[in-house]
Amino acid sequence: MSRTIRVGIVGCGGIARAHVMGYQAEKVQFVGLTDASREAADKLAGELKHVPVYADYHELINKAKPDVVSICTPPVAHEAAAVYALKHGVHVLCEKPMAFDAAAARRLEVAAKKAAVQLMPAFRHRFIPGNLLLRKIVASGKIGDVVLFNNIFCGPAFGMEHKWFTKKKISGGGCLLDTSSHSVDLFRFIVGEVSGQKAVMHRHFKTTDVEDAGILSVKAKNGAIGTMQSSFVAGVGMAFIDIIGTKGRVLFEYGDRVLFRLTKDKDWTVKPVKVSGGWLEQIHHFLGAVKGQHPLSCTAHDGVRDMEIITAVYEK
Ligand SMILES: NC(=O)c1ccc[n+]([C@@H]2O[C@H](COP(=O)([O-])OP(=O)(O)OC[C@H]3O[C@@H](n4cnc5c(N)ncnc54)[C@H](O)[C@@H]3O)[C@@H](O)[C@H]2O)c1
């Protein structure tokens, strides 16, 4: 596709702004927005200056005729909008978790295969330079076989007990599905496919029906094991990935450097990395695939496996 790419946005809340920022860096044309709340859609339309607002995703797709849509609604609404877009030949960048449950994610994967257009789950952490360096170091074999993968993403997410994130029928799950979905994806991306999982969870909020603190443990087919911790209620934020292999260790604390050391080293080697949330890189990669420049590095199947691994611990 050599002409200007036409973009539609479904769901105009917080994360839609990050998608918009990424598309703006690519010089696309915004052709339409929609949101269940007219006020939310009008607000984003105002920020973008005169982008038409449509009543729903049917109208957006049929009238605005976008080439791509970003699905930025809560999980319960991902499947219907994404399947409709795919059936109409529209490429989809779908926020994580890819769907409300694993069955819905599998239906999405099938719809994308039938439609022969791109469906990418928005696992932006894959595009963060520090994580790409971790992956490169692990793949090089320098730290030996991975033994332990340890990750925490947590922070004070204020007011969560009143938001859709803690209402299971909208979110599909709590912090494990919301936040650790990134962690599971990173584990699969850096270490390898998962063969088993277990979790412990707790609910601090008394009026909600999902976990707001959780620890997920996974085992890879290659024998590496990992823990992923997340919480909506942690009073102090933390984000890191620490990987220990048979010959060394790499640590990324979501800053401007990756630390690396081998068994024989007396100290860390510091490797500077660009600070980025992965937002711009994610959209750049997605649009590159839409233009036929490269295959997706993050596929619908990655979205399915992520859902299968996390929702399996809810079923026990
Ligand atoms: N990748 C990340 O780092 C990241 C960060 C935050 C949120 N997210 C994900 O992005 C998605 C949206 O989260 P958010 O933080 O933007 O939430 P939000 O509540 O800020 O925005 C969601 C918007 O979707 C609208 N909406 C709800 N149901 C709809 C429907 N059926 N049709 C159209 N619009 C509908 C709401 O009115 C709201 O404006 C979720 O899947 C969430 O997990 C990803």
# chains A, B, ... in the order shown; residues from 1 in each chain; ligands from 1
call {"tool": "residues_around", "arguments": {"residues": "A:Val218", "least_positions_apart": "6", "cutoff": "9 Å", "atoms": "only C-alpha atoms", "output": "JSON, numbers by chain"}}
result
{"A": [184, 187, 194, 195, 196, 197, 198, 199, 224, 225, 226, 227, 228, 309]}
call {"tool": "write_last_selection", "arguments": {"atoms": "C-alpha atoms", "output": "PDB file, in the first residue's frame"}}
result
ATOM      1  CA  VAL A 184       3.505 -13.566  29.759  1.00  0.00           C
ATOM      2  CA  PHE A 187       8.357 -14.442  28.706  1.00  0.00           C
ATOM      3  CA  VAL A 194       5.024 -21.972  28.029  1.00  0.00           C
ATOM      4  CA  SER A 195       4.131 -25.542  28.976  1.00  0.00           C
ATOM      5  CA  GLY A 196       2.479 -24.974  32.369  1.00  0.00           C
ATOM      6  CA  GLN A 197       1.274 -22.280  34.760  1.00  0.00           C
ATOM      7  CA  LYS A 198       0.105 -21.745  38.351  1.00  0.00           C
ATOM      8  CA  ALA A 199      -0.915 -18.660  40.310  1.00  0.00           C
ATOM      9  CA  ALA A 224      13.205 -22.230  32.256  1.00  0.00           C
ATOM     10  CA  ILE A 225      10.802 -21.076  34.944  1.00  0.00           C
ATOM     11  CA  GLY A 226       9.396 -17.617  35.547  1.00  0.00           C
ATOM     12  CA  THR A 227       7.431 -15.568  38.036  1.00  0.00           C
ATOM     13  CA  MET A 228       5.369 -12.546  37.124  1.00  0.00           C
ATOM     14  CA  ILE A 309      -2.002 -19.217  29.794  1.00  0.00           C
TER      15      ILE A 309
END
call {"tool": "residues_near_ligand", "arguments": {"ligand": "ligand 1", "cutoff": "6 Å", "atoms": "only C-alpha atoms and all ligand atoms", "output": "list of chain:residue names"}}
result
A:Val10, A:Gly11, A:Cys12, A:Gly13, A:Gly14, A:Ile15, A:Ala16, A:Asp35, A:Ala36, A:Ser37, A:Ala40, A:Cys72, A:Thr73, A:Pro74, A:Pro75, A:Ala77, A:Glu95, A:Lys96, A:Pro97, A:Ala122, A:Arg124, A:Asp178
call {"tool": "write_last_selection", "arguments": {"atoms": "C-alpha atoms", "output": "CSV table (one decimal), in the first residue's frame"}}
result
chain,number,residue,atom,x,y,z
A,10,VAL,CA,-12.7,2.2,18.2
A,11,GLY,CA,-12.7,3.3,21.8
A,12,CYS,CA,-11.5,6.8,22.6
A,13,GLY,CA,-10.2,6.6,26.2
A,14,GLY,CA,-6.8,6.6,27.7
A,15,ILE,CA,-4.9,4.1,25.5
A,16,ALA,CA,-6.4,5.5,22.3
A,35,ASP,CA,-16.9,5.2,21.3
A,36,ALA,CA,-19.8,4.0,23.3
A,37,SER,CA,-19.7,7.4,25.0
A,40,ALA,CA,-15.4,10.5,24.8
A,72,CYS,CA,-9.0,0.5,22.2
A,73,THR,CA,-12.2,-0.6,24.1
A,74,PRO,CA,-12.3,-2.7,27.3
A,75,PRO,CA,-11.7,-6.4,26.6
A,77,ALA,CA,-15.9,-5.3,23.3
A,95,GLU,CA,-5.4,-3.8,22.6
A,96,LYS,CA,-4.3,-6.4,25.1
A,97,PRO,CA,-5.6,-8.7,26.5
A,122,ALA,CA,-0.9,-4.6,21.1
A,124,ARG,CA,3.9,-2.8,23.2
A,178,ASP,CA,-4.6,-6.8,32.5
call {"tool": "select_by_dssp", "arguments": {"residues": "stretch 66-152 of chain A", "states": "strand (DSSP E or B)", "output": "count of residues only"}}
result
20
call {"tool": "residues_around", "arguments": {"residues": "A:Ser181", "least_positions_apart": "6", "cutoff": "9 Å", "atoms": "only C-alpha atoms", "output": "list of chain:residue names"}}
result
A:Lys96, A:Pro97, A:Phe123, A:Cys175, A:Asp306, A:Met307, A:Ile310
call {"tool": "write_last_selection", "arguments": {"atoms": "C-alpha atoms", "output": "compact mmCIF listing (two decimals), in the first residue's frame"}}
result
# COMPACT_ATOMS: atom_id res chain seq x y z
CA LYS A 96 -4.33 -6.42 25.07
CA PRO A 97 -5.61 -8.69 26.46
CA PHE A 123 1.93 -6.00 23.15
CA CYS A 175 -4.31 -7.57 37.24
CA ASP A 306 -1.33 -15.23 26.22
CA MET A 307 -5.07 -15.58 26.95
CA ILE A 310 -3.58 -16.58 32.01
call {"tool": "residues_around", "arguments": {"residues": "A:Ser70", "least_positions_apart": "6", "cutoff": "6 Å", "atoms": "only C-alpha atoms", "output": "PyMOL selection string"}}
result
chain A and resi 9+92-94
call {"tool": "residues_around", "arguments": {"residues": "A:Gly303", "least_positions_apart": "4", "cutoff": "7 Å", "atoms": "only C-alpha atoms", "output": "ChimeraX atom specification"}}
result
/A:98,105,121,299,307
call {"tool": "write_last_selection", "arguments": {"atoms": "C-alpha atoms", "output": "mmCIF file, in the first residue's frame"}}
result
data_model
loop_
_atom_site.group_PDB
_atom_site.id
_atom_site.type_symbol
_atom_site.label_atom_id
_atom_site.label_comp_id
_atom_site.auth_asym_id
_atom_site.auth_seq_id
_atom_site.Cartn_x
_atom_site.Cartn_y
_atom_site.Cartn_z
ATOM 1 C CA MET A 98 -6.622 -9.647 22.916
ATOM 2 C CA ALA A 105 -9.207 -14.974 21.197
ATOM 3 C CA PRO A 121 -2.314 -7.754 19.576
ATOM 4 C CA THR A 299 0.764 -12.354 15.904
ATOM 5 C CA MET A 307 -5.066 -15.583 26.949
#
call {"tool": "closest_residue", "arguments": {"among": "A:Val69, A:Val250, A:Ile283, A:Val200", "to": "A:Trp268", "atoms": "only C-alpha atoms"}}
result
A:Val250
call {"tool": "residues_around", "arguments": {"residues": "A:Lys113", "least_positions_apart": "6", "cutoff": "12 Å", "atoms": "only C-alpha atoms", "output": "number ranges by chain"}}
result
A: 83, 86-87, 89, 91, 106-107, 119-120, 299-301
call {"tool": "closest_residue", "arguments": {"among": "A:Gly155, A:Gly223, A:Gly32, A:Pro129", "to": "A:Gly278", "atoms": "only C-alpha atoms"}}
result
A:Pro129
call {"tool": "atom_distance", "arguments": {"atom1": "atom CA of A:Val275", "atom2": "atom CA of A:Asp256"}}
result
5.3 Å
call {"tool": "residues_around", "arguments": {"residues": "A:Val273", "least_positions_apart": "3", "cutoff": "10 Å", "atoms": "only C-alpha atoms", "output": "list in words"}}
result
Ile128, Pro129, Gly130, Asn131, Leu132, Leu133, Phe252, Tyr254, Gly255, Asp256, Arg257, Val258, Val270 and Ser276 of chain A
call {"tool": "closest_residue", "arguments": {"among": "A:Gly192, A:Gly173, A:Pro272, A:Gly214", "to": "A:Ile152", "atoms": "only C-alpha atoms"}}
result
A:Gly214
call {"tool": "closest_residue", "arguments": {"among": "A:Tyr84, A:Phe30, A:Phe153, A:Phe286", "to": "A:Leu216", "atoms": "only C-alpha atoms"}}
result
A:Phe153
call {"tool": "closest_residue", "arguments": {"among": "A:Asp302, A:Leu60, A:Arg3, A:Asp209", "to": "A:Val31", "atoms": "only C-alpha atoms"}}
result
A:Leu60
call {"tool": "atom_distance", "arguments": {"atom1": "atom CA of A:Ser183", "atom2": "atom CA of A:His19"}}
result
20.4 Å
call {"tool": "select_by_dssp", "arguments": {"residues": "stretch 167-281 of chain A", "states": "helix (DSSP H, G or I)", "output": "ChimeraX atom specification"}}
result
/A:168-171,175-178,180-190,279-281
call {"tool": "closest_residue", "arguments": {"among": "A:Ala234, A:Ile5, A:Ala55, A:Ile244", "to": "A:Val68", "atoms": "only C-alpha atoms"}}
result
A:Ile5
